[in-house]
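Visitor: Data file start.pdb (PDB, C-alpha atoms) is appended below.
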```
ATOM      1  CA  MET A   1      10.047  -3.982   4.488
ATOM      2  CA  TYR A   2      10.985  -0.379   3.836
ATOM      3  CA  GLU A   3      10.081   1.973   6.660
ATOM      4  CA  THR A   4       9.865   5.733   6.489
ATOM      5  CA  ASN A   5       9.132   8.601   8.829
ATOM      6  CA  GLU A   6       6.994  10.241   6.142
ATOM      7  CA  ILE A   7       3.889   8.085   6.608
ATOM      8  CA  LYS A   8       0.881  10.366   6.356
ATOM      9  CA  MET A   9      -2.004   7.863   6.319
ATOM     10  CA  TYR A  10      -2.747   4.507   7.905
ATOM     11  CA  ALA A  11      -5.282   1.730   7.555
ATOM     12  CA  ALA A  12      -6.711   0.950  10.996
ATOM     13  CA  VAL A  13      -7.139  -2.751  11.782
ATOM     14  CA  ARG A  14     -10.077  -3.813  13.938
ATOM     15  CA  CYS A  15     -10.705  -7.368  15.127
ATOM     16  CA  ASP A  16     -11.722  -9.400  18.147
ATOM     17  CA  ASP A  17      -8.954  -9.989  20.696
ATOM     18  CA  SER A  18      -9.228 -13.752  20.135
ATOM     19  CA  ASP A  19      -8.514 -13.254  16.404
ATOM     20  CA  ARG A  20      -5.305 -11.250  16.817
ATOM     21  CA  LYS A  21      -3.044 -14.294  16.391
ATOM     22  CA  LYS A  22      -4.618 -14.860  12.956
ATOM     23  CA  VAL A  23      -4.610 -11.185  12.012
ATOM     24  CA  GLU A  24      -1.078 -10.141  13.022
ATOM     25  CA  PRO A  25       0.682 -12.260  10.328
ATOM     26  CA  LEU A  26      -1.644 -10.721   7.735
ATOM     27  CA  MET A  27      -0.691  -7.245   8.976
ATOM     28  CA  ASP A  28       2.987  -8.140   8.510
ATOM     29  CA  LEU A  29       2.278  -9.199   4.916
ATOM     30  CA  LEU A  30       0.378  -5.972   4.273
ATOM     31  CA  ARG A  31       3.357  -3.960   5.534
ATOM     32  CA  GLU A  32       5.611  -5.911   3.182
ATOM     33  CA  GLU A  33       3.321  -4.768   0.371
ATOM     34  CA  GLY A  34       3.856  -1.158   1.400
ATOM     35  CA  ILE A  35       0.578  -0.696   3.271
ATOM     36  CA  ALA A  36       0.692   1.346   6.471
ATOM     37  CA  VAL A  37      -1.419  -0.619   8.952
ATOM     38  CA  ASP A  38      -1.780  -0.645  12.710
ATOM     39  CA  PHE A  39      -4.418  -1.562  15.268
ATOM     40  CA  ALA A  40      -7.079   1.105  15.590
ATOM     41  CA  GLU A  41      -6.295   1.893  19.224
ATOM     42  CA  ASN A  42      -2.781   2.998  18.199
ATOM     43  CA  LEU A  43      -4.060   5.521  15.650
ATOM     44  CA  ASN A  44      -6.200   8.637  15.531
ATOM     45  CA  MET A  45      -8.810  10.069  13.207
ATOM     46  CA  SER A  46      -6.408  12.529  11.596
ATOM     47  CA  ASN A  47      -4.070   9.918  10.136
ATOM     48  CA  THR A  48      -6.506   7.109   9.308
ATOM     49  CA  ALA A  49      -7.740   6.837   5.728
ATOM     50  CA  ALA A  50      -9.137   3.301   5.793
ATOM     51  CA  ALA A  51     -10.221   0.529   8.150
ATOM     52  CA  ILE A  52      -9.758  -3.211   7.700
ATOM     53  CA  VAL A  53     -12.312  -5.039   9.842
ATOM     54  CA  PHE A  54     -11.668  -8.765  10.352
ATOM     55  CA  PHE A  55     -14.638 -11.015  11.206
ATOM     56  CA  SER A  56     -14.821 -14.542  12.573
ATOM     57  CA  GLN A  57     -17.761 -16.669  13.654
ATOM     58  CA  ALA A  58     -16.901 -16.073  17.319
ATOM     59  CA  ALA A  59     -16.707 -12.303  16.806
ATOM     60  CA  ILE A  60     -20.051 -12.324  15.011
ATOM     61  CA  ASP A  61     -21.704 -14.408  17.718
ATOM     62  CA  ASN A  62     -20.437 -12.299  20.625
ATOM     63  CA  GLY A  63     -21.311  -9.005  18.927
ATOM     64  CA  SER A  64     -17.772  -7.601  18.676
ATOM     65  CA  ALA A  65     -17.819  -7.776  14.850
ATOM     66  CA  ARG A  66     -20.836  -5.471  14.798
ATOM     67  CA  ARG A  67     -19.163  -3.066  17.253
ATOM     68  CA  HIS A  68     -15.885  -3.012  15.291
ATOM     69  CA  TYR A  69     -17.632  -2.360  11.986
ATOM     70  CA  GLY A  70     -19.933   0.234  13.529
ATOM     71  CA  SER A  71     -16.963   2.104  15.030
ATOM     72  CA  ALA A  72     -15.120   2.065  11.711
ATOM     73  CA  LYS A  73     -18.224   3.319   9.908
ATOM     74  CA  LYS A  74     -18.605   6.215  12.338
ATOM     75  CA  GLY A  75     -15.015   7.205  11.613
ATOM     76  CA  GLY A  76     -15.908   7.855   7.985
ATOM     77  CA  ALA A  77     -12.915   5.951   6.566
ATOM     78  CA  LEU A  78     -13.080   3.556   3.638
ATOM     79  CA  ILE A  79     -13.844   0.101   5.090
ATOM     80  CA  VAL A  80     -12.598  -3.282   3.874
ATOM     81  CA  PRO A  81     -14.497  -6.112   5.641
ATOM     82  CA  VAL A  82     -12.594  -9.433   5.728
ATOM     83  CA  VAL A  83     -14.167 -12.733   6.835
ATOM     84  CA  LEU A  84     -11.506 -15.009   8.354
ATOM     85  CA  ASP A  85     -13.453 -18.271   8.261
ATOM     86  CA  LYS A  86     -16.577 -19.776   6.703
ATOM     87  CA  SER A  87     -18.974 -17.681   8.770
ATOM     88  CA  ASP A  88     -21.684 -15.659   7.070
ATOM     89  CA  PRO A  89     -21.921 -12.058   8.367
ATOM     90  CA  LEU A  90     -24.917 -11.410   6.111
ATOM     91  CA  SER A  91     -26.966 -13.960   8.060
ATOM     92  CA  HIS A  92     -26.969 -11.654  11.113
ATOM     93  CA  SER A  93     -29.571  -8.947  10.607
ATOM     94  CA  GLU A  94     -27.804  -6.089  12.439
ATOM     95  CA  LEU A  95     -24.452  -6.797  10.784
ATOM     96  CA  ASN A  96     -26.149  -7.259   7.417
ATOM     97  CA  ARG A  97     -27.765  -3.846   7.823
ATOM     98  CA  LEU A  98     -24.405  -2.254   8.655
ATOM     99  CA  LEU A  99     -22.630  -3.908   5.737
ATOM    100  CA  GLY A 100     -25.331  -2.948   3.260
ATOM    101  CA  ARG A 101     -23.982  -3.525  -0.247
ATOM    102  CA  LYS A 102     -20.354  -3.414   0.847
ATOM    103  CA  GLU A 103     -18.049  -5.798  -0.995
ATOM    104  CA  ILE A 104     -16.664  -8.413   1.407
ATOM    105  CA  VAL A 105     -13.330 -10.234   1.165
ATOM    106  CA  TYR A 106     -13.639 -13.917   2.103
ATOM    107  CA  ALA A 107     -10.413 -15.504   3.347
ATOM    108  CA  SER A 108     -11.684 -19.089   3.396
ATOM    109  CA  GLY A 109     -10.044 -21.136   0.643
ATOM    110  CA  LEU A 110      -7.534 -18.413  -0.249
ATOM    111  CA  LYS A 111      -3.804 -18.556   0.309
ATOM    112  CA  ASN A 112      -2.434 -15.581   2.246
ATOM    113  CA  ALA A 113      -0.805 -14.094  -0.866
ATOM    114  CA  ALA A 114      -4.119 -14.068  -2.756
ATOM    115  CA  LEU A 115      -5.958 -12.669   0.272
ATOM    116  CA  ILE A 116      -3.435  -9.824   0.623
ATOM    117  CA  ARG A 117      -3.787  -8.981  -3.082
ATOM    118  CA  LYS A 118      -7.540  -8.621  -2.675
ATOM    119  CA  ILE A 119      -7.202  -6.393   0.401
ATOM    120  CA  VAL A 120      -4.518  -4.197  -1.194
ATOM    121  CA  TYR A 121      -6.650  -3.786  -4.330
ATOM    122  CA  MET A 122      -9.525  -2.399  -2.248
ATOM    123  CA  LEU A 123      -7.433   0.059  -0.196
ATOM    124  CA  PRO A 124      -6.897   3.685  -1.248
ATOM    125  CA  THR A 125      -3.403   4.732  -2.335
ATOM    126  CA  SER A 126      -3.279   7.222   0.543
ATOM    127  CA  VAL A 127      -2.441   4.469   3.043
ATOM    128  CA  LYS A 128       0.676   3.332   1.179
ATOM    129  CA  TYR A 129       4.216   4.101   2.201
ATOM    130  CA  ASN A 130       6.407   6.525   0.280
ATOM    131  CA  LYS A 131       8.940   4.068  -1.109
ATOM    132  CA  PRO A 132      12.455   4.828  -2.398
ATOM    133  CA  GLU A 133      12.770   5.655  -6.077
ATOM    134  CA  GLU A 134      14.301   2.283  -6.966
ATOM    135  CA  GLU A 135      11.391   0.438  -5.352
ATOM    136  CA  GLU A 136       8.869   2.593  -7.183
ATOM    137  CA  VAL A 137      10.511   1.721 -10.494
ATOM    138  CA  GLU A 138      10.427  -1.977  -9.671
ATOM    139  CA  GLU A 139       6.775  -1.764  -8.693
ATOM    140  CA  LYS A 140       5.814  -0.137 -11.993
ATOM    141  CA  GLU A 141       7.626  -2.721 -14.108
ATOM    142  CA  ILE A 142       5.075  -5.412 -14.951
ATOM    143  CA  PRO A 143       6.752  -8.548 -16.366
ATOM    144  CA  THR A 144       5.455  -9.509 -19.790
ATOM    145  CA  GLY A 145       5.982 -12.588 -21.915
ATOM    146  CA  VAL A 146       5.120 -15.036 -19.113
ATOM    147  CA  ALA A 147       3.231 -18.074 -20.470
ATOM    148  CA  VAL A 148      -0.128 -18.483 -18.708
ATOM    149  CA  GLY A 149      -1.830 -21.235 -20.705
ATOM    150  CA  THR A 150      -3.128 -22.632 -23.964
ATOM    151  CA  CYS A 151      -5.170 -20.569 -26.415
ATOM    152  CA  PRO A 152      -8.816 -21.778 -26.470
ATOM    153  CA  VAL A 153      -9.074 -20.750 -30.144
ATOM    154  CA  CYS A 154      -5.976 -22.154 -31.849
ATOM    155  CA  GLY A 155      -4.123 -24.137 -29.187
ATOM    156  CA  GLY A 156      -1.111 -21.823 -29.198
ATOM    157  CA  THR A 157       0.615 -20.401 -26.128
ATOM    158  CA  VAL A 158      -1.008 -17.444 -24.357
ATOM    159  CA  ARG A 159       1.405 -15.006 -22.753
ATOM    160  CA  ARG A 160       1.005 -11.932 -20.587
ATOM    161  CA  GLY A 161       1.186  -8.775 -22.692
ATOM    162  CA  THR A 162       1.122  -5.101 -21.774
ATOM    163  CA  ASP A 163      -2.684  -4.793 -21.931
ATOM    164  CA  ALA A 164      -3.995  -8.382 -21.951
ATOM    165  CA  PHE A 165      -3.085 -12.061 -22.089
ATOM    166  CA  ASP A 166      -2.437 -12.621 -25.810
ATOM    167  CA  CYS A 167      -1.950 -15.680 -28.011
ATOM    168  CA  GLU A 168       1.569 -15.691 -29.450
ATOM    169  CA  GLU A 169       0.542 -17.250 -32.792
ATOM    170  CA  PRO A 170       0.776 -14.532 -35.499
ATOM    171  CA  ASP A 171      -2.431 -15.650 -37.252
ATOM    172  CA  CYS A 172      -4.493 -15.817 -34.044
ATOM    173  CA  ARG A 173      -6.059 -12.710 -32.533
ATOM    174  CA  TYR A 174      -7.163 -14.238 -29.241
ATOM    175  CA  SER A 175      -6.771 -11.912 -26.260
ATOM    176  CA  LEU A 176      -8.053 -12.236 -22.666
ATOM    177  CA  PRO A 177      -8.350  -8.747 -21.088
ATOM    178  CA  PHE A 178      -6.856  -7.981 -17.679
ATOM    179  CA  GLU A 179     -10.361  -6.756 -16.740
ATOM    180  CA  ALA A 180     -12.817  -9.275 -18.150
ATOM    181  CA  ASP A 181     -16.571  -8.966 -18.611
ATOM    182  CA  VAL A 182     -18.920 -11.469 -16.959
ATOM    183  CA  ARG A 183     -22.076 -12.968 -18.468
ATOM    184  CA  ASP A 184     -24.854 -14.767 -16.583
ATOM    185  CA  GLN A 185     -25.880 -17.698 -18.777
ATOM    186  CA  ASP A 186     -29.054 -18.225 -16.730
ATOM    187  CA  ASP A 187     -30.102 -14.616 -17.349
ATOM    188  CA  PRO A 188     -28.283 -13.284 -20.472
ATOM    189  CA  ASP A 189     -29.992  -9.881 -20.265
ATOM    190  CA  SER A 190     -28.922  -9.190 -16.671
ATOM    191  CA  ILE A 191     -26.356  -6.536 -15.905
ATOM    192  CA  LEU A 192     -23.429  -7.449 -13.645
ATOM    193  CA  THR A 193     -21.791  -4.284 -12.377
ATOM    194  CA  LYS A 194     -18.260  -5.565 -11.832
ATOM    195  CA  LYS A 195     -15.506  -6.523 -14.238
ATOM    196  CA  ILE A 196     -13.107  -9.178 -12.967
ATOM    197  CA  ARG A 197      -9.462  -8.146 -12.720
ATOM    198  CA  LEU A 198      -7.243 -11.092 -13.651
ATOM    199  CA  ASP A 199      -3.668 -11.759 -12.597
ATOM    200  CA  ASN A 200      -1.356 -14.488 -13.908
ATOM    201  CA  VAL A 201      -2.717 -17.037 -11.427
ATOM    202  CA  GLY A 202      -6.342 -16.406 -12.401
ATOM    203  CA  ALA A 203      -5.532 -16.483 -16.124
ATOM    204  CA  LYS A 204      -3.676 -19.797 -15.750
ATOM    205  CA  SER A 205      -6.634 -21.331 -13.946
ATOM    206  CA  LEU A 206      -9.155 -20.158 -16.543
ATOM    207  CA  LEU A 207      -7.076 -21.126 -19.573
ATOM    208  CA  GLY A 208      -6.461 -24.530 -18.008
ATOM    209  CA  GLY A 209     -10.198 -25.193 -17.796
ATOM    210  CA  GLY A 210     -10.473 -24.100 -14.164
ATOM    211  CA  THR A 211     -12.349 -21.333 -12.386
ATOM    212  CA  VAL A 212     -11.929 -18.228 -10.245
ATOM    213  CA  GLU A 213     -14.179 -17.132  -7.382
ATOM    214  CA  GLU A 214     -15.418 -13.552  -7.089
ATOM    215  CA  ASN A 215     -18.140 -11.433  -5.497
ATOM    216  CA  LEU A 216     -20.552 -10.019  -8.088
ATOM    217  CA  LYS A 217     -23.320  -7.460  -7.835
ATOM    218  CA  ALA A 218     -26.536  -8.004  -9.781
ATOM    219  CA  GLU A 219     -28.539  -5.138 -11.260
ATOM    220  CA  ASP A 220     -30.913  -5.275  -8.282
ATOM    221  CA  GLY A 221     -27.951  -4.399  -6.025
ATOM    222  CA  LYS A 222     -27.634  -7.812  -4.375
ATOM    223  CA  VAL A 223     -24.104  -9.148  -3.928
ATOM    224  CA  PHE A 224     -23.480 -12.845  -4.470
ATOM    225  CA  ARG A 225     -20.422 -15.050  -4.661
ATOM    226  CA  ALA A 226     -19.889 -17.024  -7.854
ATOM    227  CA  ARG A 227     -17.410 -19.339  -9.482
ATOM    228  CA  LEU A 228     -16.454 -18.141 -12.957
ATOM    229  CA  LYS A 229     -15.001 -19.851 -16.016
ATOM    230  CA  LEU A 230     -14.199 -18.850 -19.593
ATOM    231  CA  ASP A 231     -17.294 -18.249 -21.701
ATOM    232  CA  PRO A 232     -17.284 -21.041 -24.343
ATOM    233  CA  GLU A 233     -19.170 -18.785 -26.764
ATOM    234  CA  LYS A 234     -16.892 -15.793 -26.213
ATOM    235  CA  PRO A 235     -13.628 -16.963 -24.570
ATOM    236  CA  ASP A 236     -12.312 -13.430 -24.071
ATOM    237  CA  SER A 237     -14.899 -12.997 -21.287
ATOM    238  CA  LEU A 238     -16.213 -14.998 -18.320
ATOM    239  CA  ILE A 239     -19.409 -16.821 -17.523
ATOM    240  CA  ILE A 240     -20.968 -17.879 -14.218
ATOM    241  CA  ASP A 241     -20.760 -21.610 -13.592
ATOM    242  CA  ALA A 242     -24.501 -22.237 -13.203
ATOM    243  CA  GLU A 243     -23.965 -25.166 -10.844
ATOM    244  CA  LYS A 244     -21.765 -23.174  -8.481
ATOM    245  CA  ARG A 245     -23.276 -19.877  -7.479
ATOM    246  CA  GLY A 246     -25.194 -18.533  -4.507
ATOM    247  CA  LEU A 247     -25.139 -16.458  -1.346
ATOM    248  CA  SER A 248     -23.900 -19.232   0.934
ATOM    249  CA  LEU A 249     -20.324 -18.943   2.144
ATOM    250  CA  PHE A 250     -20.303 -22.602   3.161
ATOM    251  CA  GLY A 251     -20.775 -23.845  -0.398
ATOM    252  CA  PHE A 252     -22.357 -22.915  -3.662
ATOM    253  CA  LYS A 253     -26.050 -23.502  -4.127
ATOM    254  CA  LYS A 254     -27.499 -24.568  -7.422
ATOM    255  CA  ARG A 255     -29.622 -21.769  -8.781
ATOM    256  CA  LYS A 256     -33.291 -22.667  -8.953
TER     257      LYS A 256
END
```
Take the structure I supplied and represent it as structure tokens, if you would.
Guide:
Amino acid sequence: MYETNEIKMYAAVRCDDSDRKKVEPLMDLLREEGIAVDFAENLNMSNTAAAIVFFSQAAIDNGSARRHYGSAKKGGALIVPVVLDKSDPLSHSELNRLLGRKEIVYASGLKNAALIRKIVYMLPTSVKYNKPEEEEVEEKEIPTGVAVGTCPVCGGTVRRGTDAFDCEEPDCRYSLPFEADVRDQDDPDSILTKKIRLDNVGAKSLLGGGTVEENLKAEDGKVFRARLKLDPEKPDSLIIDAEKRGLSLFGFKKRK
């Protein structure tokens, strides 16, 4: 990890004392990604641009999750709520009211690397370290040409390009965008307000016939968690797996 004395902004971490053993390794990984994080009690309002609030079932039950989120909200910083286990913060009325329509990161089922990517994506650039010039160059260089799967149109090899995942066959024009649209096959006219940003891992899963899990927001403002796969009618976009969608964090409910 590169350290500098020129840190101007931090992300304040808030969690229950009993969850610190789970949270501290995640903080170390965030620092390795160039994110300036520390526990909230070590920071002050003037140098805090964001707050990462970690929830667990125990913290929700004893009320500390609500207090941590409420304190972060009063501070006016951008908030990233992270659920450490399979608990459902939206099932608690007071916490649900505080969270509102906030997008939540669910750690259950994710490897630490994928979890950190989601958290970093949601944080503002103002909490990042000033890295040396050579590190900045390395960070901007996105490797291309990596094979991520088989083309659903012609069966050729799909590789990461500069703007999308493209089929390498010269006569095939298949391309899967880095930010893919989502269609709800149960309600084709509905509007889903979020495009899904795909990395190599997500593209490999989709092109291999698998799925990715994401939080989506319907046009009525409700946020739900869904499992997505390639749209068979338009394989450059995604479709909700109708059998695996719902608000439950313990499993996906079949839509009625």
Visitor: Run the PyMOL selection byres ((chain A and resi 51) around 8) on the file and write out the hits as a list in words.
Guide: Ala11, Ala12, Val13, Arg14, Thr48, Ala49, Ala50, Ile52, Val53, Ala72, Ala77, Leu78, Ile79 and Val80 of chain A
Visitor: Please indicate the distance in Å from atom CA of A:Lys229 to atom CA of A:Lys195, rounded to one decimal place.
Guide: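 Atom CA of A:Lys195 lies at a distance of 13.5 Å from atom CA of A:Lys229.
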Visitor: Please enumerate the residues selected by the PyMOL selection byres ((chain A and resi 237) around 9) when evaluated against the supplied file, formatted as JSON, numbers by chain.
Guide: {"A": [176, 177, 179, 180, 181, 182, 183, 229, 230, 231, 232, 234, 235, 236, 238, 239]}
Visitor: Spell out the residues picked by the PyMOL selection byres ((chain A and resi 158-173) around 9) here, as a list in words.
Guide: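 So the PyMOL selection byres ((chain A and resi 158-173) around 9) ends up selecting Ile142, Pro143, Thr144, Gly145, Val146, Ala147, Val148, Gly149, Thr150, Cys151, Val153, Cys154, Gly155, Gly156, Thr157, Tyr174, Ser175, Leu176, Pro177, Phe178, Glu179, Asn200, Ala203 and Leu207 of chain A.
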Visitor: What separation in Å, quoted to one decimal, exists between atom CA of A:Arg97 and atom CA of A:Asp61?
Guide: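 Straight-line distance from atom CA of A:Arg97 to atom CA of A:Asp61 works out to 15.7 Å.
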Visitor: Here is a test: counting all atoms listed in the file, which residue of A:Val127, A:Val223, A:Val82, A:Ala107 is nearest to A:Glu33?
Guide: A:Val127
Visitor: May I ask for the distance between atom CA of A:Asn47 and atom CA of A:Met9, given in Å to one decimal place?
Guide: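 Between atom CA of A:Asn47 and atom CA of A:Met9 the gap works out to 4.8 Å.
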Visitor: Draw an axis-aligned box tight on the listed atoms of stretch 41-44 of chain A, then pad every side by 6 Å and write out centre and edge lengths in Å to one decimal as JSON.
Guide:
```
{"center_x": -4.5, "center_y": 5.3, "center_z": 17.4, "size_x": 15.5, "size_y": 18.7, "size_z": 15.7}
```
Visitor: Check the smallest atom-to-atom distance from each of A:Arg66, A:Arg117, A:Arg31, A:Arg225 to A:Glu94 using only C-alpha atoms, then report the winner.
Guide: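 Comparing A:Arg66, A:Arg117, A:Arg31, A:Arg225 against A:Glu94, the winner is A:Arg66.
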Visitor: Which residue out of A:Ala40, A:Val105, A:Ile35, A:Ala113 has the minimum interatomic distance to A:Val201 when all atoms listed in the file are used?
Guide: A:Ala113
Visitor: Under the rule that only C-alpha atoms are counted, which of A:Leu26, A:Glu32, A:Thr211, A:Asp17 is the nearest residue to A:Ala59?
Guide: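 Answer, going by the shortest atom-to-atom distance: A:Asp17.
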Visitor: Restricting the calculation to all atoms listed in the file: of A:Tyr121, A:Ser91, A:Asp28, A:Cys15, which residue gets closest to A:Ser71?
Guide: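 The closest residue to A:Ser71 is A:Cys15.
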Visitor: Could you check which of A:Ala65, A:Leu43, A:Gly34, A:Ser205 is closest to A:Leu90, using only C-alpha atoms?
Guide: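 So, comparing all the options, the nearest one is A:Ala65.
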Visitor: If we count only C-alpha atoms and set the cut-off at 8 Å, which residues sit around A:Lys222, ignoring sequence neighbours fewer than 4 positions away in its own chain? Please answer as a PDB file with C-alpha atoms, in the frame of the given file.
Guide:
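The result, written out as part.pdb:
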```
ATOM      1  CA  ARG A 101     -23.982  -3.525  -0.247  1.00  0.00           C
ATOM      2  CA  LYS A 217     -23.320  -7.460  -7.835  1.00  0.00           C
ATOM      3  CA  ALA A 218     -26.536  -8.004  -9.781  1.00  0.00           C
TER       4      ALA A 218
END
```
